[in-house]
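Student: First the structure, then my questions, so here it is.
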Protein chains: 4
Amino acid sequence: MADIKKIGILTGGGDCPGLNAVIRAVVFKAGEYGWQVLGVKYGWKGMLNADAIPLTRNDVKDILPLGGTILKTSRTNPYKVEGGEAKVLENAKKMGIDCLVAVGGEDTLGVANKLTKAGLRCVGVPKTIDNDLGATDYTFGYQTAVQIASDAMDRLHTTAKSHDRVLVCEVMGRHAGWMTVDAGMSASAHWIYTPEAKGSVEDCCKMLKERYARGDKYGIVAVAEGAEFSDLDVKAASQTTDSFGHVKLGGVAETLAKEIEKRTGLETRHVVLGHTQRGGSPLAYDRILGTRLGNKAAEMIKNGQFAMMASLRGENVEAVPIEEAVKTLKTVPPQYYDVAKTFFG
Amino acid sequence: MADIKKIGILTGGGDCPGLNAVIRAVVFKAGEYGWQVLGVKYGWKGMLNADAIPLTRNDVKDILPLGGTILKTSRTNPYKVEGGEAKVLENAKKMGIDCLVAVGGEDTLGVANKLTKAGLRCVGVPKTIDNDLGATDYTFGYQTAVQIASDAMDRLHTTAKSHDRVLVCEVMGRHAGWMTVDAGMSASAHWIYTPEAKGSVEDCCKMLKERYARGDKYGIVAVAEGAEFSDLDVKAASQTTDSFGHVKLGGVAETLAKEIEKRTGLETRHVVLGHTQRGGSPLAYDRILGTRLGNKAAEMIKNGQFAMMASLRGENVEAVPIEEAVKTLKTVPPQYYDVAKTFFG
Amino acid sequence: MADIKKIGILTGGGDCPGLNAVIRAVVFKAGEYGWQVLGVKYGWKGMLNADAIPLTRNDVKDILPLGGTILKTSRTNPYKVEGGEAKVLENAKKMGIDCLVAVGGEDTLGVANKLTKAGLRCVGVPKTIDNDLGATDYTFGYQTAVQIASDAMDRLHTTAKSHDRVLVCEVMGRHAGWMTVDAGMSASAHWIYTPEAKGSVEDCCKMLKERYARGDKYGIVAVAEGAEFSDLDVKAASQTTDSFGHVKLGGVAETLAKEIEKRTGLETRHVVLGHTQRGGSPLAYDRILGTRLGNKAAEMIKNGQFAMMASLRGENVEAVPIEEAVKTLKTVPPQYYDVAKTFFG
Amino acid sequence: MADIKKIGILTGGGDCPGLNAVIRAVVFKAGEYGWQVLGVKYGWKGMLNADAIPLTRNDVKDILPLGGTILKTSRTNPYKVEGGEAKVLENAKKMGIDCLVAVGGEDTLGVANKLTKAGLRCVGVPKTIDNDLGATDYTFGYQTAVQIASDAMDRLHTTAKSHDRVLVCEVMGRHAGWMTVDAGMSASAHWIYTPEAKGSVEDCCKMLKERYARGDKYGIVAVAEGAEFSDLDVKAASQTTDSFGHVKLGGVAETLAKEIEKRTGLETRHVVLGHTQRGGSPLAYDRILGTRLGNKAAEMIKNGQFAMMASLRGENVEAVPIEEAVKTLKTVPPQYYDVAKTFFG
């Protein structure tokens with residue numbers, strides 16, 4: 001790409017361990033190619049406001065172990081702002097951005113796709129701590145979040161066991177149960193509820209009573225924040241929804257714990273992991289994945305592979321069309337959930 | 001103590017990392033002395049029900065890294081049960097228990113003290129994850145819990161920073177602010193609320209606005225579950241109290257977060273660490289402290305130091321009268337809180 | 001498989017975090033299918049000695065977080081023992097083993113392949129902490145080991161920086177540099193040496209002198225235990241080889257550190273991670289991968305897929321012929337090493 | 001102290017987790033008092049070279065979680081340099097340093113003591129990762145190092161157990177066995193060797209043979225880098241000493257492992273934790289202790305308590321004369337080692 005002199009990079013949507021790994025890799029690789037890099041602040045909002053800082057190798061050399069994103073983030077979508085697209089294109093020109101790396105989820109990548117068609121060449125790096133994007137095996141940040149949830153549930157085992165208690169643990173995942181299934185499987189949860197499986201409260205209660213009857217007098221139940229049930233209407237039961245009409249963070253765990261206690265008579269408490277799951281230093285897995293994806297994003301620019309994103313496929317990182325990634329929500333397939341189910345009880 | 005052949009050990013109250021270290025040490029040391037050990041189940045409830053198992057070196061050799069208590073625990077107090085004292089004395093005789101090691105907090109140790117006067121010789125090992133017992137420097141389990149809370153708050157920094165957000169984190173501590181002050185100090189919290197200090201919400205809001213104004217656009221606020229405020233009545237505001245009339249777990253954080261958002265206009269979220277703070281494998285500090293205290297408890301039996309408890313005093317573990325420990329709640333002294341305050345803002 | 005009543009499982013070669021996850025999953029899944037399970041002790045040695053114990057769901061339910069293998073392991077190869085094959089077949093019959101799950105590396109799996117041809121139906125689960133087996137994306141235990149090495153190197157940064165010092169860190173990997181590259185990339189190593197790349201000591205020394213000249217007065221060098229160099233003959237220089245003719249554990253790091261100090265005049269120390277890299281509780285990633293592979297192994301028996309092994313391929317676990325896995329050593333491809341190289345200096 | 005306008009701070013000797021906590025606390029507290037702070041680079045070397053940087057609240061606000069020291073360190077002693085004292089006094093005047101906080105061990109503090117007498121008022125903060133300074137209960141950094149060693153030994157258990165192997169682990173401690181005893185006690189080591197106890201190799205071998213005989217077919221032996229033995233001359237056996245005449249790092253573990261294997265016939269390997277023990281982010285305990293000591297150091301300046309150091313005494317931080325701290329090496333008392341011994345075997 002003989003015509004590239006300066007590229008931009010931005011991070012959009014929720015923060016995620018590994019974002020800084022991507023940023024660092026893009027800056028280092030761009031340096032190899034002789035390009036300048038502008039760090040656009042607060043995702044697409046920074047493109048609307050022409051808010052950006054130059055990034056050199058020296059600025060990013062030590063950020064690999066840091067959680068979050070040094071560029072900050074927002075959920076601003078220029079296509080939901082009057083004249084947004086035009087403003088972004090105008091600012092890109094003003095800032096001298098020849099090409100843009102957009103790191104984000106469905107929403108952020110969708111914007112990148114549209115902007116490319118509108119004339120601002122973008123490449124994408126997929127980011128979702130929920131692991132629910134299509135066209136990529138895993139996304140960075142996910143393993144770190146699973147580990148935090150698994151560690152927390154490991155600790156719940158010893159406290160539940162000491163008190164003959166059931167502990168219900170709410171894990172991130174509004175639309176997909178990946179993190180709950182993986183953390184639950186890793187931490188030997190005795191039951192796992194996801195948005196996809198819509199499990200039965202009664203079945204879990206039966207299992208818990210059997211555990212207690214045979215002398216295993218405690219239970220760990222993992223539940224996704226967006227879990228639904230075949231025999232419990234959480235929205236109706238909790239009467240607490242947020243401004244999007246979603247059950248409030250923690251509402252599922254609290255409602256489920258009460259229901260289990262009511263149905264079984266067993267002492268039941270709940271825990272909500274909430275915001276503690278997404279911050280902090282990334283695990284090696286996510287540092288490496290972020291690094292590889294950032295590296296690939298720069299290569300994709302070099303190769304002119306626009307409107308595409310860097311994607312982990314088996315052992316390799318490949319360029320795939322952004323459209324492929326954003327068109328479907330990747331949910332937990334029944335056969336994956338079935339592996340976890342083997343260990344229920 | 002020529003007359004000791006068999007001793008009992010029980011753990012009462014909430015679970016705590018390091019309880020198994022105490023149990024293991026008592027069993028090993030008793031073995032050295034040629035005594036048998038009975039592990040009494042579920043704290044004092046096990047003495048009421050004569051529910052116990054023999055413990056040998058082989059049973060406990062691998063339990064040091066395990067959280068919780070292999071003997072389980074309860075909050076049963078024989079002095080709140082009709083004929084409880086007599087039943088315990090009778091069962092002790094039946095079970096052949098010459099002397100008992102009671103590991104627990106104010107309540108459990110108080111019972112041990114009374115029972116010694118009634119004829120069942122007891123020694124105590126102090127346990128409170130809240131670090132609020134008198135007559136001892138630190139209690140085991142406390143450092144592990146502080147570390148868990150500090151790690152969680154470390155992670156909150158990166159997520160708050162990425163989103164220009166205030167995060168309020170509720171830490172254990174109904175009556176004393178030790179854990180909140182220590183975890184807050186360790187994790188660079190920008191404000192800390194305790195039951196003792198009864199701080200002002202207005203002052204914190206002012207500080208947060210100053211942070212944002214100077215470009216530090218995020219804030220971490222640590223709050224004890226039992227914190228009170230000079231200018232906010234949480235009970236009135238939250239309208240959620242549990243059966244003891246306490247504000248429900250999480251109620252303080254939720255109410256405070258809402259209040260901060262209302263007063264400052266800054267996006268504010270809350271996190272409740274809850275039950276994840278007390279389980280899991282103890283840190284080395286707590287494994288060692290538990291081991292030293294268990295060792296001392298056995299020595300105290302040997303020395304005939306009954307109605308006393310093993311207590312950390314500087315570098316040493318000493319025997320102190322149980323009465324000294326249970327008569328006062330050890331709260332955070334103002335000068336200690338002042339050290340933390342230096343870093344507010 | 002109507003004819004399966006009892007299966008065996010064994011673990012061979014070096015220990016690895018996640019082995020117990022595999023064992024547990026096989027036992028649980030076998031339980032679903034109504035099969036009994038025999039745990040064969042010490043790998044193939046247990047088949048030569050008919051040394052095994054029955055494994056029930058209860059025996060394995062709590063082993064998921066444990067490092068190592070409850071079945072123990074050895075490097076015994078029945079094909080290197082006089083009459084070994086016949087003995088294994090005879091014992092399998094005696095023990096009533098209808099089918100065997102062999103968890104191990106190239107050597108263990110090779111035996112399983114041969115035995116299947118000889119009449120004892122085996123399925124394999126690949127295990128190598130070095131990640132150097134073909135026909136599978138990643139092997140369990142590897143991520144945990146990478147994390148341990150990355151954490152150790154993270155710590156080396158702060159100590160090297162405080163003392164203006166170069167630290168050379170030797171990481172596992174006799175024949176392949178996977179762990180060194182991944183841990184080095186994750187921990188921002190300034191240079192990485194592998195068996196494959198045969199890098200130049202002179203180039204690294206030049207880089208270090210440039211770092212110091214520009215004010216970055218410290219350096220972290222990651223080196224695989226089996227690394228070779230274009231301009232340093234470690235065997236000749238270290239004069240310490242073990243009984244296999246390999247350079248002794250630690251020999252590479254020590255020799256390289258001396259050479260760097262000699263050539264640059266910079267204070268240089270070395271660290272050998274050694275045995276601390278392979279023990280301990282597996283990360284969630286490895287617990288889940290081990291669980292999925294164990295689950296698949298049982299399914300493969302059910303499906304009659306013998307002489308095959310369970311293999312991670314992208315997001316899926318598939319059955320692949322053992323022969324495919326063992327015929328080549330999977331080394332680090334140059335383009336993967338090149339990603340890491342971007343960050344040298 | 002009406003006459004204080006500017007203070008200096010320096011860190012000397014080996015690096016240690018928590019040094020940055022001290023620096024940060026001194027800067028914050030000095031800010032409260034209205035003093036400026038100069039950060040002197042490389043310990044006393046920076047005073048000889050007038051090498052220092054101004055430190056503001058903004059410079060240090062985020063350094064609490066960082067290992068090492070942002071001021072760097074050296075072992076330079078001005079009293080071993082021709083005209084050193086005069087140079088330091090002259091530079092202090094030139095740099096406008098009214099008073100100096102010296103953070104370091106015996107050597108660094110000894111210099112501070114002498115300089116105070118010579119006219120440059122100093123206060124001290126004790127630092128030794130080996131915990132072997134007198135006049136203070138614990139020193140910061142020590143708990144973090146113990147935890148790292150304990151975690152490593154925890155991992156060795158599972159690998160030793162899987163292979164029926166003895167693992168000898170060398171822990172920091174040239175002159176005192178604190179870290180080895182504490183880490184060994186925490187990680188259930190089966191034998192512990194220290195410089196103080198001069199234990200017998202034969203006794204350990206006997207114990208190991210008994211373990212294997214009763215079916216516990218593995219062993220973990222913790223050994224301090226400066227351990228001596230009643231029946232093994234390591235210097236003679238290892239033939240490897242460094243320039244101080246000390247046995248080289250790792251020499252003790254290697255020699256002991258060989259000796260155990262020779263005497264018992266049991267497969268024995270060794271591990272040297274080395275430099276990985278002192279770097280990395282401090283535990284909450286050390287962050288808090290460093291913070292409290294730094295805070296106290298500033299208070300001591302305010303109070304005019306020169307030639308004194310901030311010292312942890314039970315729950316309190318007090319000022320004690322530096323002379324008290326440096327006159328004796330604090331070694332492990334026999335009764336403390338005896339607690340650990342209870343668990344040998």
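So you can find residues: chains in the structure tokens are A, B, ... in the order shown, residues in each start at 1, and ligands are numbered from 1 in order.
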Which residues come within 6 Å of range 277-282 of chain A, counting only C-alpha atoms, excluding same-chain residues fewer than 5 positions away, as an MDAnalysis selection string?

Tutor: (chainID A and resid 16:18 65:67 144:145 148 287) or (chainID B and resid 155:156 158:159)

Student: Generate the output file for the selected residues, N, CA and C atoms, as a PDB file, in the first residue's frame.

Tutor:
ATOM      1  N   CYS A  16     -12.333  -4.436  27.713  1.00  0.00           N
ATOM      2  CA  CYS A  16     -12.030  -5.853  27.560  1.00  0.00           C
ATOM      3  C   CYS A  16     -10.530  -6.048  27.761  1.00  0.00           C
ATOM      4  N   PRO A  17     -10.083  -7.030  28.536  1.00  0.00           N
ATOM      5  CA  PRO A  17      -8.641  -7.220  28.675  1.00  0.00           C
ATOM      6  C   PRO A  17      -8.032  -7.651  27.338  1.00  0.00           C
ATOM      7  N   GLY A  18      -7.024  -6.971  26.893  1.00  0.00           N
ATOM      8  CA  GLY A  18      -6.388  -7.301  25.622  1.00  0.00           C
ATOM      9  C   GLY A  18      -6.496  -6.170  24.600  1.00  0.00           C
ATOM     10  N   PRO A  65       0.547  -5.349  29.615  1.00  0.00           N
ATOM     11  CA  PRO A  65      -0.099  -5.970  30.790  1.00  0.00           C
ATOM     12  C   PRO A  65      -1.310  -5.196  31.318  1.00  0.00           C
ATOM     13  N   LEU A  66      -1.617  -4.044  30.759  1.00  0.00           N
ATOM     14  CA  LEU A  66      -2.690  -3.224  31.332  1.00  0.00           C
ATOM     15  C   LEU A  66      -4.066  -3.637  30.824  1.00  0.00           C
ATOM     16  N   GLY A  67      -5.042  -3.715  31.730  1.00  0.00           N
ATOM     17  CA  GLY A  67      -6.429  -3.932  31.339  1.00  0.00           C
ATOM     18  C   GLY A  67      -7.003  -2.686  30.693  1.00  0.00           C
ATOM     19  N   THR A 144      -9.682 -14.354  29.978  1.00  0.00           N
ATOM     20  CA  THR A 144      -9.418 -13.673  31.252  1.00  0.00           C
ATOM     21  C   THR A 144     -10.695 -13.576  32.072  1.00  0.00           C
ATOM     22  N   ALA A 145     -11.791 -13.217  31.410  1.00  0.00           N
ATOM     23  CA  ALA A 145     -13.064 -13.085  32.113  1.00  0.00           C
ATOM     24  C   ALA A 145     -13.545 -14.447  32.623  1.00  0.00           C
ATOM     25  N   ILE A 148     -11.545 -15.282  35.752  1.00  0.00           N
ATOM     26  CA  ILE A 148     -11.982 -14.528  36.934  1.00  0.00           C
ATOM     27  C   ILE A 148     -13.257 -15.161  37.501  1.00  0.00           C
ATOM     28  N   ARG A 287      -3.309 -11.683  25.871  1.00  0.00           N
ATOM     29  CA  ARG A 287      -2.241 -10.788  25.424  1.00  0.00           C
ATOM     30  C   ARG A 287      -1.725 -11.232  24.054  1.00  0.00           C
TER      31      ARG A 287
ATOM     32  N   ARG B 155      -8.937  -4.412  39.313  1.00  0.00           N
ATOM     33  CA  ARG B 155      -9.566  -4.623  38.007  1.00  0.00           C
ATOM     34  C   ARG B 155     -10.581  -3.521  37.704  1.00  0.00           C
ATOM     35  N   LEU B 156     -11.271  -3.052  38.731  1.00  0.00           N
ATOM     36  CA  LEU B 156     -12.263  -1.998  38.508  1.00  0.00           C
ATOM     37  C   LEU B 156     -11.612  -0.722  37.976  1.00  0.00           C
ATOM     38  N   THR B 158      -9.241  -0.338  35.766  1.00  0.00           N
ATOM     39  CA  THR B 158      -9.064  -0.279  34.316  1.00  0.00           C
ATOM     40  C   THR B 158     -10.401  -0.151  33.602  1.00  0.00           C
ATOM     41  N   THR B 159     -11.432  -0.757  34.154  1.00  0.00           N
ATOM     42  CA  THR B 159     -12.720  -0.658  33.471  1.00  0.00           C
ATOM     43  C   THR B 159     -13.334   0.723  33.694  1.00  0.00           C
TER      44      THR B 159
END

Student: Could you list, with a cut-off of 10 Å and counting only C-alpha atoms, the residues of chain A near chain B, each shown with its nearest atom pair and the distance in Å rounded to one decimal, rows sorted by chain and ascending number, as CSV?

Tutor:
residue,atom,partner,partner_atom,distance
A:Thr11,CA,B:Ser162,CA,9.7
A:Gly13,CA,B:His163,CA,9.3
A:Gly14,CA,B:His163,CA,7.9
A:Asp15,CA,B:Thr159,CA,6.2
A:Cys16,CA,B:Thr159,CA,7.9
A:Pro17,CA,B:Thr158,CA,9.0
A:Tyr42,CA,B:His163,CA,8.3
A:Leu66,CA,B:Thr158,CA,7.6
A:Gly67,CA,B:Thr158,CA,5.4
A:Gly68,CA,B:Thr158,CA,4.9
A:Thr69,CA,B:Ser162,CA,5.6
A:Ile70,CA,B:Ser162,CA,6.9
A:Leu71,CA,B:Ser162,CA,7.4
A:Lys72,CA,B:Ser162,CA,4.3
A:Thr73,CA,B:Ser162,CA,5.8
A:Ser74,CA,B:His163,CA,6.7
A:Arg75,CA,B:His163,CA,9.6
A:Ile148,CA,B:Ala152,CA,9.3
A:Asp151,CA,B:Gly280,CA,8.4
A:Ala152,CA,B:Thr276,CA,5.7
A:Met153,CA,B:Thr276,CA,7.5
A:Asp154,CA,B:Gly280,CA,6.5
A:Arg155,CA,B:Gly280,CA,3.9
A:Leu156,CA,B:Gly279,CA,5.7
A:His157,CA,B:Gly279,CA,7.3
A:Thr158,CA,B:Gly68,CA,4.9
A:Thr159,CA,B:Gly279,CA,5.0
A:Ala160,CA,B:Gly68,CA,8.5
A:Lys161,CA,B:Lys72,CA,7.2
A:Ser162,CA,B:Lys72,CA,4.3
A:His163,CA,B:Thr73,CA,5.8
A:Asp164,CA,B:Lys72,CA,7.8
A:Leu167,CA,B:His275,CA,8.7
A:Cys169,CA,B:Thr276,CA,9.5
A:Leu249,CA,B:Val271,CA,9.9
A:Gly250,CA,B:Val272,CA,9.9
A:Arg269,CA,B:His275,CA,8.5
A:His270,CA,B:His275,CA,8.0
A:Val271,CA,B:Gly274,CA,6.4
A:Val272,CA,B:Val272,CA,7.1
A:Leu273,CA,B:Leu273,CA,7.3
A:Gly274,CA,B:Val271,CA,6.3
A:His275,CA,B:Val271,CA,6.5
A:Thr276,CA,B:Ala152,CA,5.7
A:Gln277,CA,B:Arg155,CA,8.0
A:Arg278,CA,B:Thr159,CA,6.9
A:Gly279,CA,B:Arg155,CA,4.3
A:Gly280,CA,B:Arg155,CA,3.9
A:Ser281,CA,B:Arg155,CA,7.4

Student: Filtering to N, CA and C atoms, could you give me those residues as a short mmCIF file (atom, residue, chain, number, x, y, z; two decimals), in the first residue's frame?

Tutor:
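As written to disk, selection.cif reads:
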data_model
loop_
_atom_site.label_atom_id
_atom_site.label_comp_id
_atom_site.auth_asym_id
_atom_site.auth_seq_id
_atom_site.Cartn_x
_atom_site.Cartn_y
_atom_site.Cartn_z
N THR A 11 -11.09 2.13 19.75
CA THR A 11 -11.72 1.00 20.45
C THR A 11 -13.13 1.42 20.86
N GLY A 13 -17.32 0.23 22.29
CA GLY A 13 -18.09 -0.72 23.08
C GLY A 13 -17.50 -0.93 24.46
N GLY A 14 -17.87 -2.01 25.12
CA GLY A 14 -17.39 -2.27 26.48
C GLY A 14 -15.90 -2.57 26.51
N ASP A 15 -15.24 -2.25 27.62
CA ASP A 15 -13.80 -2.53 27.70
C ASP A 15 -13.56 -4.03 27.88
N CYS A 16 -12.33 -4.44 27.71
CA CYS A 16 -12.03 -5.85 27.56
C CYS A 16 -10.53 -6.05 27.76
N PRO A 17 -10.08 -7.03 28.54
CA PRO A 17 -8.64 -7.22 28.68
C PRO A 17 -8.03 -7.65 27.34
N TYR A 42 -12.17 7.47 22.62
CA TYR A 42 -13.59 7.18 22.85
C TYR A 42 -14.32 6.60 21.64
N LEU A 66 -1.62 -4.04 30.76
CA LEU A 66 -2.69 -3.22 31.33
C LEU A 66 -4.07 -3.64 30.82
N GLY A 67 -5.04 -3.72 31.73
CA GLY A 67 -6.43 -3.93 31.34
C GLY A 67 -7.00 -2.69 30.69
N GLY A 68 -8.24 -2.79 30.24
CA GLY A 68 -8.93 -1.64 29.65
C GLY A 68 -8.28 -1.18 28.36
N THR A 69 -8.54 0.06 28.00
CA THR A 69 -7.99 0.62 26.77
C THR A 69 -7.46 2.02 27.03
N ILE A 70 -6.21 2.25 26.66
CA ILE A 70 -5.64 3.59 26.87
C ILE A 70 -6.34 4.62 26.00
N LEU A 71 -7.08 4.16 24.96
CA LEU A 71 -7.78 5.10 24.08
C LEU A 71 -9.19 5.42 24.56
N LYS A 72 -9.60 4.79 25.65
CA LYS A 72 -10.96 4.94 26.16
C LYS A 72 -11.97 4.47 25.11
N THR A 73 -13.20 4.39 25.55
CA THR A 73 -14.21 3.80 24.68
C THR A 73 -15.56 4.45 24.91
N SER A 74 -16.45 4.28 23.96
CA SER A 74 -17.83 4.74 24.14
C SER A 74 -18.72 3.89 23.25
N ARG A 75 -20.02 4.08 23.39
CA ARG A 75 -20.95 3.32 22.55
C ARG A 75 -21.55 4.20 21.43
N ILE A 148 -11.55 -15.28 35.75
CA ILE A 148 -11.98 -14.53 36.93
C ILE A 148 -13.26 -15.16 37.50
N ASP A 151 -12.38 -18.59 39.05
CA ASP A 151 -11.70 -18.41 40.34
C ASP A 151 -12.72 -18.05 41.43
N ALA A 152 -13.63 -17.15 41.10
CA ALA A 152 -14.63 -16.75 42.08
C ALA A 152 -15.49 -17.94 42.48
N MET A 153 -15.90 -18.73 41.49
CA MET A 153 -16.72 -19.90 41.81
C MET A 153 -15.95 -20.98 42.56
N ASP A 154 -14.67 -21.13 42.25
CA ASP A 154 -13.83 -22.04 43.05
C ASP A 154 -13.92 -21.67 44.53
N ARG A 155 -13.85 -20.37 44.79
CA ARG A 155 -13.91 -19.92 46.18
C ARG A 155 -15.29 -20.18 46.79
N LEU A 156 -16.32 -20.04 45.97
CA LEU A 156 -17.67 -20.28 46.49
C LEU A 156 -17.84 -21.74 46.96
N HIS A 157 -17.17 -22.66 46.30
CA HIS A 157 -17.26 -24.06 46.72
C HIS A 157 -16.92 -24.23 48.20
N THR A 158 -15.78 -23.65 48.62
CA THR A 158 -15.36 -23.93 49.99
C THR A 158 -16.29 -23.27 50.99
N THR A 159 -16.82 -22.11 50.63
CA THR A 159 -17.71 -21.45 51.59
C THR A 159 -19.08 -22.13 51.62
N ALA A 160 -19.56 -22.57 50.47
CA ALA A 160 -20.85 -23.28 50.43
C ALA A 160 -20.76 -24.59 51.19
N LYS A 161 -19.64 -25.29 51.01
CA LYS A 161 -19.43 -26.58 51.66
C LYS A 161 -19.37 -26.44 53.18
N SER A 162 -18.73 -25.39 53.64
CA SER A 162 -18.58 -25.20 55.09
C SER A 162 -19.91 -24.90 55.76
N HIS A 163 -20.84 -24.35 55.00
CA HIS A 163 -22.12 -23.91 55.58
C HIS A 163 -23.32 -24.73 55.12
N ASP A 164 -23.12 -25.82 54.38
CA ASP A 164 -24.25 -26.59 53.81
C ASP A 164 -25.20 -25.66 53.07
N LEU A 167 -25.15 -21.78 46.63
CA LEU A 167 -24.75 -20.46 46.18
C LEU A 167 -25.02 -20.33 44.68
N CYS A 169 -24.45 -18.07 41.41
CA CYS A 169 -23.48 -17.08 40.95
C CYS A 169 -23.84 -16.56 39.57
N LEU A 249 -28.96 -5.96 36.33
CA LEU A 249 -27.81 -6.77 36.75
C LEU A 249 -28.08 -7.33 38.14
N GLY A 250 -27.94 -8.63 38.30
CA GLY A 250 -28.15 -9.24 39.60
C GLY A 250 -29.57 -9.73 39.81
N ARG A 269 -27.94 -18.51 48.83
CA ARG A 269 -27.48 -17.13 48.71
C ARG A 269 -27.07 -16.88 47.28
N HIS A 270 -26.95 -15.61 46.91
CA HIS A 270 -26.52 -15.33 45.55
C HIS A 270 -25.36 -14.34 45.52
N VAL A 271 -24.61 -14.40 44.45
CA VAL A 271 -23.45 -13.54 44.22
C VAL A 271 -23.55 -13.03 42.78
N VAL A 272 -23.20 -11.76 42.58
CA VAL A 272 -23.22 -11.19 41.24
C VAL A 272 -21.82 -10.70 40.91
N LEU A 273 -21.17 -11.33 39.95
CA LEU A 273 -19.78 -10.97 39.67
C LEU A 273 -19.67 -9.58 39.04
N GLY A 274 -20.62 -9.26 38.20
CA GLY A 274 -20.71 -7.89 37.65
C GLY A 274 -19.42 -7.36 37.05
N HIS A 275 -19.12 -6.11 37.35
CA HIS A 275 -18.03 -5.40 36.69
C HIS A 275 -16.64 -5.94 37.01
N THR A 276 -16.53 -6.79 38.02
CA THR A 276 -15.19 -7.30 38.35
C THR A 276 -14.68 -8.27 37.29
N GLN A 277 -15.54 -8.69 36.37
CA GLN A 277 -15.13 -9.71 35.40
C GLN A 277 -14.38 -9.17 34.19
N ARG A 278 -14.49 -7.85 33.92
CA ARG A 278 -13.95 -7.41 32.64
C ARG A 278 -12.69 -6.58 32.74
N GLY A 279 -12.30 -6.18 33.93
CA GLY A 279 -11.12 -5.35 34.05
C GLY A 279 -9.87 -6.18 34.32
N GLY A 280 -8.78 -5.49 34.58
CA GLY A 280 -7.57 -6.14 35.04
C GLY A 280 -6.67 -6.64 33.95
N SER A 281 -5.48 -7.04 34.36
CA SER A 281 -4.44 -7.46 33.43
C SER A 281 -4.88 -8.71 32.68
#

Student: Rounded to one decimal in Å, what is the spacing between CA of Tyr193 in chain C and CA of Ser311 in chain A?

Tutor: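 The value is 27.4 Å.
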
Student: Skip Val166 in chain A itself and residues of its chain fewer than 2 positions away, then list as a list of chain:residue names all residues within 8 Å of it, counting only C-alpha atoms.

Tutor: A:Ala160, A:Asp164, A:Val168, A:Tyr218, A:Gly219, A:Ile220, A:Val221, A:Leu266, A:Glu267, A:Thr268, A:Arg269

Student: I want to know what sits within 8 Å of Lys6 in chain B, based on only C-alpha atoms, with residues of the same chain fewer than 6 positions away left out; could you give that as a PyMOL selection string?

Tutor: chain B and resi 35-38+96-99

Student: If we count only C-alpha atoms and set the cut-off at 8 Å, which residues sit around Phe344 in chain A, ignoring sequence neighbours fewer than 6 positions away in its own chain? Please answer as JSON, numbers by chain.

Tutor: {"A": [189, 190, 191, 192]}

Student: Could those residues be written to a file, using N, CA, C and O atoms, as a CSV table (one decimal), in the first residue's frame?

Tutor:
chain,number,residue,atom,x,y,z
A,189,ALA,N,-19.5,-26.4,38.5
A,189,ALA,CA,-20.8,-26.0,39.0
A,189,ALA,C,-21.8,-27.2,38.8
A,189,ALA,O,-21.6,-28.0,38.0
A,190,HIS,N,-22.7,-27.2,39.7
A,190,HIS,CA,-23.7,-28.4,39.7
A,190,HIS,C,-24.8,-28.2,38.8
A,190,HIS,O,-25.6,-29.1,38.6
A,191,TRP,N,-25.0,-26.9,38.4
A,191,TRP,CA,-26.1,-26.7,37.4
A,191,TRP,C,-25.7,-25.4,36.7
A,191,TRP,O,-25.1,-24.5,37.3
A,192,ILE,N,-26.1,-25.2,35.4
A,192,ILE,CA,-25.7,-24.0,34.6
A,192,ILE,C,-26.9,-23.6,33.8
A,192,ILE,O,-27.5,-24.4,33.1

Student: Please identify the alpha helix (DSSP H) residues within range 75-261 of chain C (assignment by DSSP from backbone atoms) and present them as number ranges by chain.

Tutor: C: 84-95, 106-118, 142-163, 178-186, 201-213, 234-238, 251-261

Student: Just the number, please: distance in Å from CA of Ala297 in chain C to CA of Val88 in chain C, one decimal.

Tutor: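 Between these atoms lies a distance of 20.5 Å.
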
Student: To one decimal place in Å, what is the distance between CA of Ala310 in chain B and CA of Val125 in chain B?

Tutor: 5.4 Å
